[in-house]
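A.B. asks: I am attaching a structure below and will ask some questions about it afterwards.
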Amino acid sequence: MELRNFVFRRLIQVVVIFFIIQTALFLLFRLAPGDPVERMVDPTMTPEDADRLVAVLGLDKPLWTQYGIYLKNFFQGEFGTSFYYGQPVVDIIRDKLPNTILLFTSSVILSALVGIALGKIAAWRKGTRTDTWLTIGSLVTHTVFLPWLALLLIWIFAYRLGWFPITGMISEDVWLDPDAGLWTKALDIGHHMVLPLATLFLIHFGSSLLVMRSSMLDTLKEDYILTARAKGLTDKEVRNRHAARNAALPVVTGIGLSLAFSINGGALTETVFTWPGIGRELVFAVSHSDYPLAQAAFLLIAIVVLVANVIVDVLYAYLDPRIRY
Amino acid sequence: MESVERFDTSGMKRSHWLAHFLEGWSVFIQNPLGKAGVGLLILFGLMAAGSVIPPWIDPMYQPMTGVDPEIASSVGPSATHWLGTDFMGRDILSQLLAGARIAFMVGVSAAFMTVVLGTAIGMTAGYMGKAVDTLLMRLADIIMVMPTLLFVLMLAALFGQLNIWTIVLIIGLFRWPGVSRVIRSQTLSLKQRPFIEAARVAGASHLRIIFRHIMPNVLPLSFLYMTFRVTSAITIEAALAFLGFGDPGTVSWGMMLQWVWKTGHMFQAPYWLLPPGICISLITLSFYMLGRAMDEVLDPRLRKEEDAS
Amino acid sequence: MNDRTAGEDKRAPQTEELLQVEGLTVGYRTKRGFMRAVDGISFSLRKGRSLGLVGESGCGKTTVGMTLMGLLPPNGEIRSGRILFKGADLVQKTEEEMRRVRWREIAMIFQAAMNALNPVQRVEKQIAEAILTHAPELSEEEALRQVEGLFQMVNLPHDRMHDYPHQYSGGMKQRAIIAMALACNPDLIIADEPTTALDVIVQHQILEETKALQRDLDISIIFISHDISIVADVSHDIGVMYAGQLVEYGSREEVFGDPRHYYTRALLASYPTLAGEKKDLVPIPGETPSLVNPPSGCRFCDRCDAAAETCSLERPDWMEVSPTHRVLCARCLSP
């Protein structure tokens with residue numbers, strides 16, 4: 001089926017792009033001022049461990065060989081050892097990745113769905129107060145400074161009202177309790193996730209709303225809407241079955257285009273809320289000059305963005321048969 | 001965005017151009033977004049301009065180095081310090097005003113660079129076509145996929161502390177793909193126009209055609225996109241400063257937030273927490289509104305439709 | 001079958017006529033004022049007969065179609081007149097009542113070139129939707145079975161039912177639209193420029209098929225077009241419209257064979273024919289008058305060859321050429 005070919009082609013593209021990014025990172029790393037060896041090797045390591053690491057990473061070899069080793073290491077998951085944690089980087093990444101994906105995916109989906117629903121209403125009630133408020137609301141929330149919004153939410157809802165925890169993803173006592181079931185643990189995560197999710201949601205739903213709104217207004221002018229009305233459908237049926245379905249497509253495209261932007265926001269949110277995800281690790285690693293971890297975190301984030309792009313493209317192709325057939 | 005016809009000023013007389021401009025201005029100024037945007041920006045402009053006043057009045061109002069001999073910690077608003085002081089006893093209002101100056105500087109310079117780069121690349125890609133075009137657009141795709149903020153973080157890791165101009169440079173280098181796409185499609189449609197053909201027949205070199213004929217027609221579009229780029233430039237710089245990677249010698253609003261956060265005052269000092277955040281958000285909002293209003297001017301289809309005929 | 005101006009009708013009971021339009025005036029509220037797209041037109045249609053409304057763009061023919069369906073845009077307004085459909089006045093109906101009338105009793109065929117079909121829905125689903133809207137008690141399988149029958153009626157291969165609109169050719173799309181219009185067995189179909197943008201051969205096919213369908217199913221059709229030759233081919237009666245008014249009305253033989261109004265004559269002269277003597281094409285000079293402030297006299301007079309002083313001052317009256325053929329002009333009686 002066409003769809004399979006499409007997915008295949010996109011994946012190849014993604015792989016190519018990723019290699020380019022990886023190479024760029026490699027060169028940057030080697031060309032930056034300072035000694036590459038020093039950067040990858042923790043000064044507190046013993047000389048034997050240091051030598052072993054140098055050998056594994058190939059830091060003493062010529063550039064081309066290094067590149068080869070670099071790629072090989074990547075596929076084997078060998079990223080070196082984190083200075084700060086003293087553990088292999090790959091383990092750290094593996095722990096944190098699901099947390100980022102959880103937060104990121106939920107926020108993208110939630111903002112999209114709500115943005116679409118509200119944008120539909122705003123378009124239908126164009127010119128009324130509802131529409132004006134929704135539009136203004138979207139503009140304002142879209143431009144609020146994310147870290148500041150996060151701080152505000154923490155201040156009001158966690159500190160002042162005490163409804164939510166101030167930081168973190170889990171409560172120690174819940175997770176250390178041997179009797180705690182899966183449901184309790186899930187609820188605990190959910191409880192911690194409310195504020196970070198709210199932050200990301202507030203920042204991002206506005207653009208989906210505005211895109212949906214203008215897309216609906218355009219779609220409602222189309223001829224097949226007239227056909228639908230002529231067939232005797234109620235206004236509501238016309239709106240939902242014909243207009244909204246078509247109008248939602250540009251929103252999907254819009255989400256795809258702003259994925260990089262969303263991930264920036266994700267990293268900031270994770271940092272402020274101390275949500276143990278990859279974004280936060282990257283920031284943390286950079287501030288502690290933990291190069292192995294920083295590099296790996298960045299590459300992984302790049303992968304996440306690229307894969308997300310593919311998913312969005314595939315979703316669009318699925319929704320719009322004109323692409324598929 | 002098919003907007004070529006509006007921009008073909010190549011044949012227009014001066015008077016025509018002026019009439020065009022005035023018509024655009026009237027649409028712009030009627031738009032509530034445009035009015036609000038301009039209003040806010042004037043306010044911020046005044047703030048930036050006024051940033052020199054407090055230190056001039058008294059050195060204790062120096063945003064970075066000023067210390068109030070009587071206060072060495074964060075206290076709330078008072079007669080001498082209208083917005084209170086930060087943890088070192090420095091005046092918050094002066095910092096706020098200085099931050100406005102930085103915001104404009106960063107925003108406008110980065111945006112300007114982005115637009116210059118984006119326009120140049122977009123025009124080249126559109127005009128040269130084929131291999132050059134594909135190469136440039138692929139490059140644009142790759143850059144667009146990357147999260148700018150995080151890449152700058154990586155650079156900070158490798159190159160150490162970044163100063164404000166380096167940050168501006170990097171932001172400029174990363175945000176051009178969006179602009180170049182639009183300029184490219186504009187160039188593509190312009191390329192087909194007869195006046196380009198005529199110029200080529202008359203023996204004009206490629207460079208001359210690009211600068212003399214294409215550029216004037218794409219510039220309005222460039223400026224439109226510049227307003228959107230300003231918002232992202234300001235936001236990125238603020239985020240960097242917030243995370244602690246800004247230029248330690250400059251007082252930006254993001255830096256102020258970093259201080260209030262890292263020194264643990266965020267719960268106790270609303271007079272310190274709120275103003276910088278409000279400012280960043282509002283200046284972003286105002287540039288964004290400006291951009292939307294300008295968009296309406298440039299694309300008549302977006303203007304409010306009265307009863308259809 | 002013919003109708004005089006409103007108020008003077010003393011003939012047989014209205015149930016003989018499927019549709020009777022009396023003194024209909026419809027317009028649009030615009031910035032520049034109220035634009036009368038349709039100004040006081042009257043005509044009628046019997047069951048099983050077809051009427052062709054022909055005129056240049058902007059003459060109001062599409063507005064007539066839209067008004068019959070009750071699909072005027074928000075700034076559209078019926079100023080006066082009655083539309084008696086099966087005895088009931090459509091103008092008086094509420095939106096809810098009109099919705100029941102739509103498609104079930106009056107259906108519409110749009111131009112294939114238009115985006116009349118929803119691009120992201122399968123064709124069979126869209127047609128089934130029409131069926132299910134008016135017969136909700138049916139199951140989806142039953143509706144699809146009916147769609148199969150419809151496809152057969154319009155000569156569409158039923159293995160294409162499951163496709164999306166963009167996979168169809170122009171002719172196929174037109175047939176699908178026709179099939180959709182027939183879905184609920186309407187009494188009246190309004191066909192708005194259904195063959196424009198199709199190539200000539202396909203056009204001819206569709207017209208033939210339409211005529212056949214009309215005969216077999218005994219459906220009344222109002223055929224709207226700017227092309228008088230098509231309309232003459234397909235309809236029993238022809239109404240020529242200009243600037244919002246009907247200017248000539250009669251059976252196709254009468255109007256085509258013995259055109260009286262100068263506009264009708266000009267229309268016929270401006271179309272090339274393959275048969276007959278080779279004549280120069282004669283475009284009609286001038287422009288249509290403003291519909292916001294229409295002239296008080298004859299609207300065609302500045303473009304009319306035979307205009308006289310009085311033409312622009314007095315409202316022209318209907319003149320009977322024959323009991324079935326009338327013309328809106330004071331000076332058009334002589335051939």
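Each chain of the structure tokens is named A, B, ... in the order shown, its residues numbered from 1; ligands are numbered from 1 in display order.
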Residues of chain C within 9 Å of chain B, counting only C-alpha atoms - could you list those as a list of chain:residue names?
C.D. replies: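 Therefore, the residues near the partner are C:Tyr28, C:Arg29, C:Thr30, C:Lys31, C:Arg32, C:Met35, C:Pro73, C:Pro74, C:Asn75.
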A.B. asks: With a cut-off of 9 Å and counting only C-alpha atoms, select all residues of chain A in contact with chain B and give the selection as a VMD selection string.
C.D. replies: chain A and resid 17 to 18 20 to 21 28 to 29 32 to 34 39 139 to 149 151 to 152 154 to 156 159 to 160 257 to 264 267 to 268 271 279 282 to 283 285 to 291 294 to 295 298 301 to 302 305 to 306 309
A.B. asks: Based on DSSP run over this structure's backbone, return all residues of region 55-198 of chain B in alpha helix (DSSP H), as a short mmCIF file (atom, residue, chain, number, x, y, z; two decimals) with N, CA and C atoms, in the first residue's frame.
C.D. replies:
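Full text of out02.cif as output:
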data_model
loop_
_atom_site.label_atom_id
_atom_site.label_comp_id
_atom_site.auth_asym_id
_atom_site.auth_seq_id
_atom_site.Cartn_x
_atom_site.Cartn_y
_atom_site.Cartn_z
N PRO B 55 20.60 55.10 36.77
CA PRO B 55 22.00 55.18 37.19
C PRO B 55 22.53 56.61 37.20
N TRP B 56 21.95 57.41 36.32
CA TRP B 56 22.37 58.80 36.24
C TRP B 56 21.95 59.55 37.48
N ILE B 57 20.82 59.14 38.01
CA ILE B 57 20.33 59.82 39.22
C ILE B 57 21.22 59.47 40.41
N ILE B 92 15.45 46.68 41.37
CA ILE B 92 14.81 45.85 40.35
C ILE B 92 14.32 46.67 39.18
N LEU B 93 13.80 47.84 39.45
CA LEU B 93 13.28 48.66 38.36
C LEU B 93 14.38 49.00 37.36
N SER B 94 15.56 49.35 37.85
CA SER B 94 16.66 49.65 36.92
C SER B 94 17.00 48.43 36.09
N GLN B 95 16.96 47.28 36.74
CA GLN B 95 17.26 46.05 36.00
C GLN B 95 16.21 45.83 34.91
N LEU B 96 14.97 46.13 35.28
CA LEU B 96 13.89 45.94 34.33
C LEU B 96 14.07 46.83 33.11
N LEU B 97 14.42 48.09 33.38
CA LEU B 97 14.59 49.03 32.27
C LEU B 97 15.78 48.61 31.39
N ALA B 98 16.88 48.21 32.06
CA ALA B 98 18.04 47.76 31.29
C ALA B 98 17.68 46.55 30.46
N GLY B 99 16.86 45.68 31.05
CA GLY B 99 16.44 44.49 30.32
C GLY B 99 15.69 44.83 29.04
N ALA B 100 14.93 45.92 29.09
CA ALA B 100 14.20 46.32 27.89
C ALA B 100 15.18 46.65 26.78
N ARG B 101 16.22 47.35 27.16
CA ARG B 101 17.24 47.71 26.19
C ARG B 101 17.85 46.46 25.57
N ILE B 102 18.20 45.51 26.42
CA ILE B 102 18.81 44.27 25.94
C ILE B 102 17.84 43.52 25.01
N ALA B 103 16.58 43.49 25.44
CA ALA B 103 15.59 42.75 24.66
C ALA B 103 15.50 43.29 23.24
N PHE B 104 15.41 44.61 23.13
CA PHE B 104 15.35 45.20 21.79
C PHE B 104 16.60 44.88 21.01
N MET B 105 17.73 45.04 21.67
CA MET B 105 19.00 44.82 21.00
C MET B 105 19.09 43.40 20.46
N VAL B 106 18.86 42.47 21.36
CA VAL B 106 18.94 41.06 20.97
C VAL B 106 17.91 40.75 19.91
N GLY B 107 16.69 41.14 20.20
CA GLY B 107 15.60 40.80 19.29
C GLY B 107 15.82 41.35 17.90
N VAL B 108 16.10 42.64 17.84
CA VAL B 108 16.21 43.25 16.53
C VAL B 108 17.46 42.76 15.79
N SER B 109 18.60 42.69 16.49
CA SER B 109 19.80 42.24 15.77
C SER B 109 19.67 40.82 15.28
N ALA B 110 19.22 39.93 16.15
CA ALA B 110 19.10 38.53 15.73
C ALA B 110 18.11 38.41 14.59
N ALA B 111 17.00 39.11 14.72
CA ALA B 111 15.98 39.04 13.68
C ALA B 111 16.53 39.60 12.38
N PHE B 112 17.24 40.69 12.49
CA PHE B 112 17.80 41.31 11.30
C PHE B 112 18.73 40.34 10.59
N MET B 113 19.58 39.71 11.38
CA MET B 113 20.52 38.76 10.79
C MET B 113 19.79 37.60 10.15
N THR B 114 18.80 37.08 10.88
CA THR B 114 18.02 35.98 10.34
C THR B 114 17.41 36.36 9.01
N VAL B 115 16.87 37.55 8.96
CA VAL B 115 16.18 37.96 7.76
C VAL B 115 17.16 38.19 6.62
N VAL B 116 18.29 38.82 6.92
CA VAL B 116 19.28 39.03 5.86
C VAL B 116 19.72 37.69 5.29
N LEU B 117 20.06 36.79 6.20
CA LEU B 117 20.51 35.47 5.78
C LEU B 117 19.41 34.73 5.04
N GLY B 118 18.22 34.74 5.64
CA GLY B 118 17.10 34.01 5.04
C GLY B 118 16.74 34.55 3.67
N THR B 119 16.76 35.87 3.55
CA THR B 119 16.42 36.46 2.26
C THR B 119 17.48 36.12 1.22
N ALA B 120 18.74 36.27 1.61
CA ALA B 120 19.82 35.97 0.66
C ALA B 120 19.72 34.52 0.19
N ILE B 121 19.58 33.63 1.15
CA ILE B 121 19.53 32.21 0.79
C ILE B 121 18.27 31.90 0.00
N GLY B 122 17.15 32.46 0.43
CA GLY B 122 15.90 32.20 -0.27
C GLY B 122 15.95 32.69 -1.71
N MET B 123 16.49 33.88 -1.89
CA MET B 123 16.58 34.43 -3.25
C MET B 123 17.50 33.56 -4.10
N THR B 124 18.64 33.20 -3.52
CA THR B 124 19.59 32.40 -4.28
C THR B 124 18.98 31.06 -4.67
N ALA B 125 18.36 30.42 -3.70
CA ALA B 125 17.77 29.11 -3.98
C ALA B 125 16.70 29.23 -5.04
N GLY B 126 15.85 30.23 -4.90
CA GLY B 126 14.75 30.37 -5.85
C GLY B 126 15.26 30.73 -7.23
N TYR B 127 16.25 31.58 -7.26
CA TYR B 127 16.73 32.07 -8.55
C TYR B 127 17.59 31.05 -9.25
N MET B 128 18.54 30.45 -8.52
CA MET B 128 19.47 29.52 -9.16
C MET B 128 18.80 28.21 -9.50
N LYS B 130 17.54 24.23 -9.27
CA LYS B 130 18.19 22.93 -9.42
C LYS B 130 19.06 22.53 -8.22
N ALA B 131 20.35 22.26 -8.50
CA ALA B 131 21.20 21.68 -7.46
C ALA B 131 21.34 22.62 -6.27
N VAL B 132 21.61 23.88 -6.57
CA VAL B 132 21.80 24.85 -5.49
C VAL B 132 20.55 24.91 -4.62
N ASP B 133 19.43 24.97 -5.31
CA ASP B 133 18.15 25.05 -4.61
C ASP B 133 17.95 23.84 -3.70
N THR B 134 18.10 22.66 -4.27
CA THR B 134 17.89 21.44 -3.49
C THR B 134 18.82 21.41 -2.29
N LEU B 135 20.07 21.72 -2.53
CA LEU B 135 21.04 21.68 -1.44
C LEU B 135 20.65 22.62 -0.32
N LEU B 136 20.34 23.85 -0.69
CA LEU B 136 20.00 24.84 0.33
C LEU B 136 18.74 24.45 1.08
N MET B 137 17.77 23.94 0.34
CA MET B 137 16.51 23.62 1.02
C MET B 137 16.66 22.39 1.92
N ARG B 138 17.50 21.48 1.53
CA ARG B 138 17.75 20.33 2.40
C ARG B 138 18.41 20.81 3.67
N LEU B 139 19.36 21.72 3.51
CA LEU B 139 20.03 22.29 4.67
C LEU B 139 19.01 22.97 5.58
N ALA B 140 18.11 23.70 4.94
CA ALA B 140 17.06 24.38 5.71
C ALA B 140 16.23 23.37 6.48
N ASP B 141 15.87 22.28 5.83
CA ASP B 141 15.09 21.25 6.50
C ASP B 141 15.77 20.74 7.74
N ILE B 142 17.06 20.44 7.60
CA ILE B 142 17.79 19.88 8.73
C ILE B 142 17.83 20.86 9.89
N ILE B 143 18.13 22.11 9.55
CA ILE B 143 18.22 23.09 10.63
C ILE B 143 16.88 23.30 11.29
N MET B 144 15.83 23.24 10.49
CA MET B 144 14.51 23.48 11.05
C MET B 144 14.11 22.39 12.04
N VAL B 145 14.62 21.20 11.83
CA VAL B 145 14.26 20.10 12.70
C VAL B 145 14.93 20.23 14.06
N THR B 148 16.58 24.78 18.46
CA THR B 148 17.63 25.80 18.55
C THR B 148 18.20 25.94 19.94
N LEU B 149 17.32 26.06 20.89
CA LEU B 149 17.75 26.29 22.26
C LEU B 149 18.74 25.22 22.70
N LEU B 150 18.39 24.00 22.41
CA LEU B 150 19.23 22.91 22.89
C LEU B 150 20.56 22.86 22.16
N PHE B 151 20.53 23.25 20.90
CA PHE B 151 21.80 23.26 20.18
C PHE B 151 22.71 24.33 20.75
N VAL B 152 22.13 25.47 21.06
CA VAL B 152 22.94 26.52 21.66
C VAL B 152 23.51 26.04 22.99
N LEU B 153 22.73 25.26 23.70
CA LEU B 153 23.23 24.71 24.95
C LEU B 153 24.47 23.85 24.71
N MET B 154 24.39 23.03 23.68
CA MET B 154 25.53 22.19 23.34
C MET B 154 26.75 23.05 23.06
N LEU B 155 26.53 24.10 22.29
CA LEU B 155 27.64 24.98 21.97
C LEU B 155 28.21 25.61 23.23
N ALA B 156 27.28 25.96 24.13
CA ALA B 156 27.76 26.54 25.39
C ALA B 156 28.63 25.54 26.12
N ALA B 157 28.23 24.27 26.05
CA ALA B 157 29.02 23.24 26.72
C ALA B 157 30.42 23.17 26.14
N LEU B 158 30.49 23.30 24.83
CA LEU B 158 31.78 23.13 24.20
C LEU B 158 32.64 24.36 24.22
N PHE B 159 32.00 25.51 24.10
CA PHE B 159 32.78 26.72 23.94
C PHE B 159 32.83 27.58 25.18
N ILE B 164 26.90 37.96 24.76
CA ILE B 164 25.59 38.28 24.20
C ILE B 164 25.61 38.31 22.69
N TRP B 165 26.70 38.78 22.10
CA TRP B 165 26.73 38.88 20.65
C TRP B 165 26.88 37.51 20.00
N THR B 166 27.60 36.62 20.68
CA THR B 166 27.67 35.25 20.16
C THR B 166 26.28 34.63 20.15
N ILE B 167 25.55 34.88 21.23
CA ILE B 167 24.20 34.35 21.29
C ILE B 167 23.35 34.88 20.15
N VAL B 168 23.47 36.18 19.92
CA VAL B 168 22.72 36.79 18.82
C VAL B 168 23.10 36.12 17.50
N LEU B 169 24.38 35.93 17.32
CA LEU B 169 24.86 35.33 16.08
C LEU B 169 24.27 33.94 15.88
N ILE B 170 24.33 33.16 16.93
CA ILE B 170 23.85 31.78 16.80
C ILE B 170 22.35 31.74 16.52
N ILE B 171 21.61 32.56 17.24
CA ILE B 171 20.17 32.60 17.00
C ILE B 171 19.90 32.97 15.54
N GLY B 172 20.64 33.97 15.07
CA GLY B 172 20.47 34.38 13.68
C GLY B 172 20.77 33.23 12.73
N LEU B 173 21.81 32.46 13.05
CA LEU B 173 22.19 31.36 12.18
C LEU B 173 21.19 30.22 12.17
N PHE B 174 20.37 30.17 13.18
CA PHE B 174 19.48 29.02 13.26
C PHE B 174 18.06 29.27 12.82
N TRP B 176 17.01 31.10 10.15
CA TRP B 176 16.76 31.56 8.78
C TRP B 176 15.89 30.63 7.94
N PRO B 177 15.85 29.32 8.19
CA PRO B 177 15.08 28.46 7.29
C PRO B 177 13.63 28.90 7.08
N GLY B 178 12.99 29.34 8.14
CA GLY B 178 11.59 29.73 7.98
C GLY B 178 11.43 30.85 6.98
N VAL B 179 12.30 31.86 7.12
CA VAL B 179 12.23 33.01 6.22
C VAL B 179 12.58 32.59 4.80
N SER B 180 13.62 31.77 4.67
CA SER B 180 14.12 31.47 3.33
C SER B 180 13.07 30.74 2.51
N ARG B 181 12.27 29.91 3.15
CA ARG B 181 11.25 29.19 2.39
C ARG B 181 10.29 30.13 1.70
N VAL B 182 9.82 31.09 2.49
CA VAL B 182 8.84 32.03 1.95
C VAL B 182 9.46 32.88 0.84
N ILE B 183 10.66 33.37 1.11
CA ILE B 183 11.33 34.22 0.12
C ILE B 183 11.59 33.42 -1.15
N ARG B 184 11.92 32.18 -0.96
CA ARG B 184 12.19 31.32 -2.11
C ARG B 184 10.97 31.18 -3.00
N SER B 185 9.81 30.90 -2.40
CA SER B 185 8.64 30.74 -3.25
C SER B 185 8.26 32.04 -3.91
N GLN B 186 8.48 33.14 -3.19
CA GLN B 186 8.23 34.45 -3.77
C GLN B 186 9.14 34.65 -4.99
N THR B 187 10.42 34.32 -4.80
CA THR B 187 11.38 34.47 -5.89
C THR B 187 10.99 33.62 -7.08
N LEU B 188 10.54 32.41 -6.79
CA LEU B 188 10.16 31.51 -7.87
C LEU B 188 9.06 32.12 -8.74
N SER B 189 8.06 32.72 -8.07
CA SER B 189 7.01 33.31 -8.90
C SER B 189 7.49 34.55 -9.63
N LEU B 190 8.36 35.32 -8.96
CA LEU B 190 8.88 36.52 -9.62
C LEU B 190 9.72 36.16 -10.83
N LYS B 191 10.39 35.05 -10.72
CA LYS B 191 11.31 34.66 -11.80
C LYS B 191 10.60 34.53 -13.13
N PRO B 194 7.73 38.76 -16.78
CA PRO B 194 8.40 39.27 -17.98
C PRO B 194 9.49 40.28 -17.70
N PHE B 195 9.34 41.05 -16.63
CA PHE B 195 10.38 42.08 -16.46
C PHE B 195 11.73 41.48 -16.12
N ILE B 196 11.71 40.29 -15.53
CA ILE B 196 12.97 39.61 -15.27
C ILE B 196 13.59 39.15 -16.58
N GLU B 197 12.73 38.58 -17.42
CA GLU B 197 13.18 38.13 -18.73
C GLU B 197 13.80 39.29 -19.49
N ALA B 198 13.10 40.41 -19.42
CA ALA B 198 13.58 41.59 -20.14
C ALA B 198 14.96 42.01 -19.65
#
A.B. asks: Between C:Pro316, C:Gly33, C:Pro119, C:Gly170, single out the one closest to Glu222 (chain A), counting only C-alpha atoms.
C.D. replies: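 Closest candidate: C:Pro119.
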A.B. asks: Counting only C-alpha atoms, which residues of chain C come no farther than 10 Å from chain A, as a PyMOL selection string?
C.D. replies: chain C and resi 66+69-71+73+95-104+106-111+114-122+126-127+129-131+133-134+163-167+177+180-181+183-184
A.B. asks: Using only C-alpha atoms, which residues sit within 9 Å of Leu291 (chain C) once same-chain residues fewer than 5 positions away are excluded, as number ranges by chain?
C.D. replies: C: 27, 34-38, 243-244
A.B. asks: Write out as an MDAnalysis selection string the residues lying within 7 Å of Pro292 (chain A), counting only C-alpha atoms and excluding same-chain residues fewer than 5 positions away.
C.D. replies: chainID A and resid 40 79:82 89
